[in-house]
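Data block below; observations after.
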Amino acid sequence: MHLVVGKQKTRYVVEVLDEKIVMQAATDFIRQKTAIYVGDFVDVDLASRQIIHLYPRLNFLIRPPVANLDLVLVVMSLVEPEFSLLLVEKFLAYAQFANVRPVLILTKKDKVTNAETIQAVSTLLDRLHITYFIISKYQQSDLAPIKTLINGKKTTLMGQTGVGKSTLINSLYPDFTRQVGDFSFHLGRGKHTTKEIIMLKTREGYIVDTPGFSSFELPMIKSELAENYPGFTPYLGKCYFNDCIHVNEHGCAVKTAVMAGLISHDSYDNYVKISQELNHKREDY
């Protein structure tokens with residue numbers, strides 16, 4: 001059993017006894033249109049340099065497409081680009097839906113001039129009952145607990161372009177050099193500087209750097225969002241209707257929590273907005 005640590009088009013980088021070997025999928029994979037992703041465990045034929053067997057996945061993220069993860073670090077910036085609670089909650093809901101533990105990393109603390117901004121964001125996040133860190137790339141004391149958290153794990157980064165994903169990796173592991181781009185002010189988003197998905201081996205485990213994106217559509221339906229939205233977990237199973245999606249239903253425990261101030265109105269409004277974008281049922285193609 002070997003680990004796929006890189007992919008670019010139809011070629012794969014497979015770790016074999018600490019050596020990285022470029023391989024292609026066997027003909028059967030191509031004929032059956034079986035996809036292979038970074039993080040997959042495979043068997044290989046070294047003579048032909050082909051992947052010949054794919055093991056079942058423990059979990060899988062569609063975007064970024066990575067398999068068999070222990071953690072996903074959702075990286076968002078406080079400024080440049082501006083913090084978005086809606087995007088944070090989108091990413092967290094998707095990670096939970098994909099059965100990968102999410103941890104939120106808020107970057108660019110050093111660029112925030114108003115301490116009240118950080119306090120306001122912290123207040124919002126505390127209500128989501130999630131693990132999060134607010135960091136500056138210049139302070140090793142901010143990075144130390146993150147290194148401890150990802151020790152011995154396979155971790156990927158998820159987030160918008162320009163929020164500091166590659167900078168975070170460079171700060172955590174100075175031996176790696178990932179291209180770092182500047183935030184593009186005239187576009188209001190960062191420049192895409194990480195073009196490929198690659199799993200980097202560290203002394204503590206593996207970390208995956210992935211291309212950023214400026215938009216993200218959830219591959220979920222309304223009921224899946226209702227079951228996985230951050231901050232809703234304590235109230236699941238307590239609604240009057242078993243199939244409650246927490247919008248128009250009578251006896252909804254989530255809406256009662258909103259009225260009681262246990263879930264913020266901002267968070268609930270984000271939920272309703274995202275839910276309206278999703279289908280009731282999964283479409284079959």
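How things are named: the first chain in the structure tokens is A, the next is B, and so on; residues count from 1 in each chain; ligands count from 1 in the order shown.
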Who sits within 10 Å of stretch 221-234 of chain A, only C-alpha atoms, same chain under 2 positions skipped, as a compact mmCIF listing (two decimals) with C-alpha atoms, in the first residue's frame:
# COMPACT_ATOMS: atom_id res chain seq x y z
CA VAL A 88 -16.44 30.39 6.90
CA GLU A 89 -19.74 28.67 7.63
CA LYS A 90 -19.93 27.31 4.09
CA PHE A 91 -16.49 25.71 4.40
CA LEU A 92 -17.18 24.35 7.88
CA ALA A 93 -20.50 22.83 6.81
CA TYR A 94 -18.86 21.14 3.85
CA ALA A 95 -15.98 19.73 5.90
CA GLN A 96 -18.40 18.26 8.43
CA PHE A 97 -20.53 16.84 5.61
CA ALA A 98 -17.41 15.21 4.12
CA ASN A 99 -16.56 13.65 7.50
CA LEU A 125 -16.93 32.10 16.17
CA ASP A 126 -17.40 31.16 19.81
CA ARG A 127 -21.08 30.55 19.09
CA LEU A 128 -20.18 28.03 16.39
CA HIS A 129 -18.45 25.75 18.94
CA ILE A 130 -15.43 25.17 16.70
CA LEU A 218 -21.68 23.41 -1.91
CA PRO A 219 -22.19 19.91 -3.37
CA LEU A 236 -30.44 18.46 15.93
CA GLY A 237 -33.12 15.88 16.69
CA LYS A 238 -35.05 18.32 18.88
CA ASP A 243 -37.08 16.33 8.40
CA CYS A 244 -36.94 19.95 9.56
CA ILE A 245 -34.63 22.15 7.49
CA HIS A 246 -34.91 25.03 10.00
CA VAL A 247 -36.53 27.64 7.74
CA ALA A 253 -35.34 23.98 17.80
CA VAL A 254 -32.79 25.91 15.72
CA LYS A 255 -35.07 28.91 15.27
CA ALA A 257 -32.15 28.93 19.71
CA LEU A 262 -27.83 30.99 21.41
CA ILE A 263 -27.28 31.15 17.64
CA SER A 264 -26.45 34.55 16.17
CA SER A 267 -25.18 33.01 11.32
CA TYR A 268 -28.81 31.99 10.87
CA TYR A 271 -27.78 29.57 6.71
CA VAL A 272 -31.06 30.62 5.12
CA ILE A 274 -27.10 29.23 1.55
CA SER A 275 -30.09 26.89 1.91
CA GLN A 276 -31.98 28.85 -0.73
CA GLU A 277 -29.18 28.12 -3.19
CA LEU A 278 -29.47 24.34 -2.73
CA ASN A 279 -31.86 21.74 -4.16
CA HIS A 280 -34.30 19.72 -2.07
CA LYS A 281 -33.21 16.48 -3.71
CA ARG A 282 -30.00 15.28 -5.29
CA GLU A 283 -30.15 15.26 -9.06
Checklist entry - Rounded to one decimal in Å, what is the spacing between atom CA of A:Leu69 and atom CA of A:Arg101? => result 8.6 Å
Checklist entry - Pick from A:Leu168, A:Met259, A:Ala25, A:Leu149: nearest to A:Gly205, with only C-alpha atoms counted? => result A:Leu149
Checklist entry - Which one is closest to A:Lys153: A:Val258, A:Leu106, A:Ile62, A:Leu73? Count only C-alpha atoms. => result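 Checking each candidate against A:Lys153, we get A:Leu73 as the closest.
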Next on the checklist: I need the strand (DSSP E or B) residues of stretch 121-259 of chain A per DSSP on the backbone, written as a list in words.
Outcome noted: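 Restricting stretch 121-259 of chain A to strand (DSSP E or B) produces Tyr132, Phe133, Ile134, Lys154, Thr155, Thr156, Leu157, Met158, Gln160, Phe183, Ser184, Arg189, Gly190, Ile197, Ile198, Met199, Leu200, Lys201, Tyr206, Ile207, Val208, Asp209 and Phe213 of chain A.
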Item to check | Pick from A:Asp110, A:Gly162, A:Leu78, A:Lys137, whichever lies nearest to A:Ser122 using only C-alpha atoms | outcome: A:Leu78
Next on the checklist: as a PyMOL selection string, please: every residue in stretch 34-134 of chain A that DSSP puts in helix (DSSP H, G or I).
Outcome noted: chain A and resi 85-97+109-111+115-126
Near A:Pro145, counting only C-alpha atoms, which residues have an atom at most 12 Å away, once you skip same-chain residues fewer than 3 positions from it, shown as a compact mmCIF listing (two decimals) with N, CA and C atoms, in the first residue's frame?
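For reference, part19.txt as written:
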# COMPACT_ATOMS: atom_id res chain seq x y z
N VAL A 103 -10.78 22.77 11.25
CA VAL A 103 -10.21 23.72 12.19
C VAL A 103 -10.02 25.03 11.43
N ILE A 105 -8.47 28.67 10.67
CA ILE A 105 -7.27 29.48 10.87
C ILE A 105 -7.55 30.86 10.28
N THR A 131 -13.05 24.78 16.81
CA THR A 131 -11.66 25.10 17.15
C THR A 131 -11.15 26.12 16.13
N TYR A 132 -10.60 27.23 16.62
CA TYR A 132 -10.06 28.23 15.70
C TYR A 132 -8.83 28.90 16.30
N PHE A 133 -7.99 29.42 15.41
CA PHE A 133 -6.79 30.13 15.80
C PHE A 133 -6.72 31.43 15.00
N ILE A 134 -6.33 32.51 15.66
CA ILE A 134 -6.12 33.80 15.00
C ILE A 134 -4.61 34.07 15.03
N ILE A 135 -4.00 34.17 13.85
CA ILE A 135 -2.54 34.13 13.82
C ILE A 135 -1.95 35.29 13.01
N GLN A 139 4.59 35.59 14.33
CA GLN A 139 4.64 35.16 15.72
C GLN A 139 4.62 33.63 15.83
N GLN A 140 5.76 33.07 16.20
CA GLN A 140 5.85 31.62 16.33
C GLN A 140 4.93 31.10 17.43
N SER A 141 4.63 31.94 18.41
CA SER A 141 3.71 31.51 19.48
C SER A 141 2.31 31.24 18.93
N ASP A 142 1.94 31.89 17.83
CA ASP A 142 0.64 31.63 17.19
C ASP A 142 0.66 30.30 16.45
N THR A 148 1.28 21.46 16.80
CA THR A 148 0.94 20.38 17.72
C THR A 148 -0.33 19.67 17.27
N LEU A 149 -1.30 20.44 16.81
CA LEU A 149 -2.59 19.88 16.40
C LEU A 149 -2.44 18.96 15.19
N ILE A 150 -1.61 19.31 14.23
CA ILE A 150 -1.51 18.54 12.99
C ILE A 150 -0.44 17.45 13.07
N ASN A 151 0.19 17.32 14.24
CA ASN A 151 1.24 16.32 14.40
C ASN A 151 0.71 14.91 14.12
N LEU A 172 4.97 27.51 8.93
CA LEU A 172 5.01 26.29 9.74
C LEU A 172 6.25 25.46 9.43
Item to check | Coordinates-based distance that separates atom CA of A:Lys33 from atom CA of A:Val208 (Å, one decimal) | outcome: 24.5 Å
Checklist entry - Near A:Pro56, within 10 Å and counting only C-alpha atoms, which residues show up once chain neighbours fewer than 3 positions away are dropped, as number ranges by chain? => result A: 40-42, 53, 59, 67-68
Could you please take those selected residues and save C-alpha atoms as a CSV table (one decimal), in the first residue's frame?
chain,number,residue,atom,x,y,z
A,40,ASP,CA,-5.4,7.8,-2.1
A,41,PHE,CA,-3.8,4.6,-1.0
A,42,VAL,CA,-2.8,2.4,-4.0
A,53,HIS,CA,-5.2,-1.0,-7.3
A,59,ASN,CA,-13.4,10.3,3.3
A,67,ALA,CA,-8.8,11.8,0.1
A,68,ASN,CA,-8.3,10.1,3.4
Item to check | Who sits within 12 Å of A:Arg49, only C-alpha atoms, same chain under 6 positions skipped, as a list in words | outcome: Arg11, Tyr12, Val13, Val14, Val16, Lys20, Ile21, Val22, Met23, Gln24, Ala25, Ala26 and Asp43 of chain A
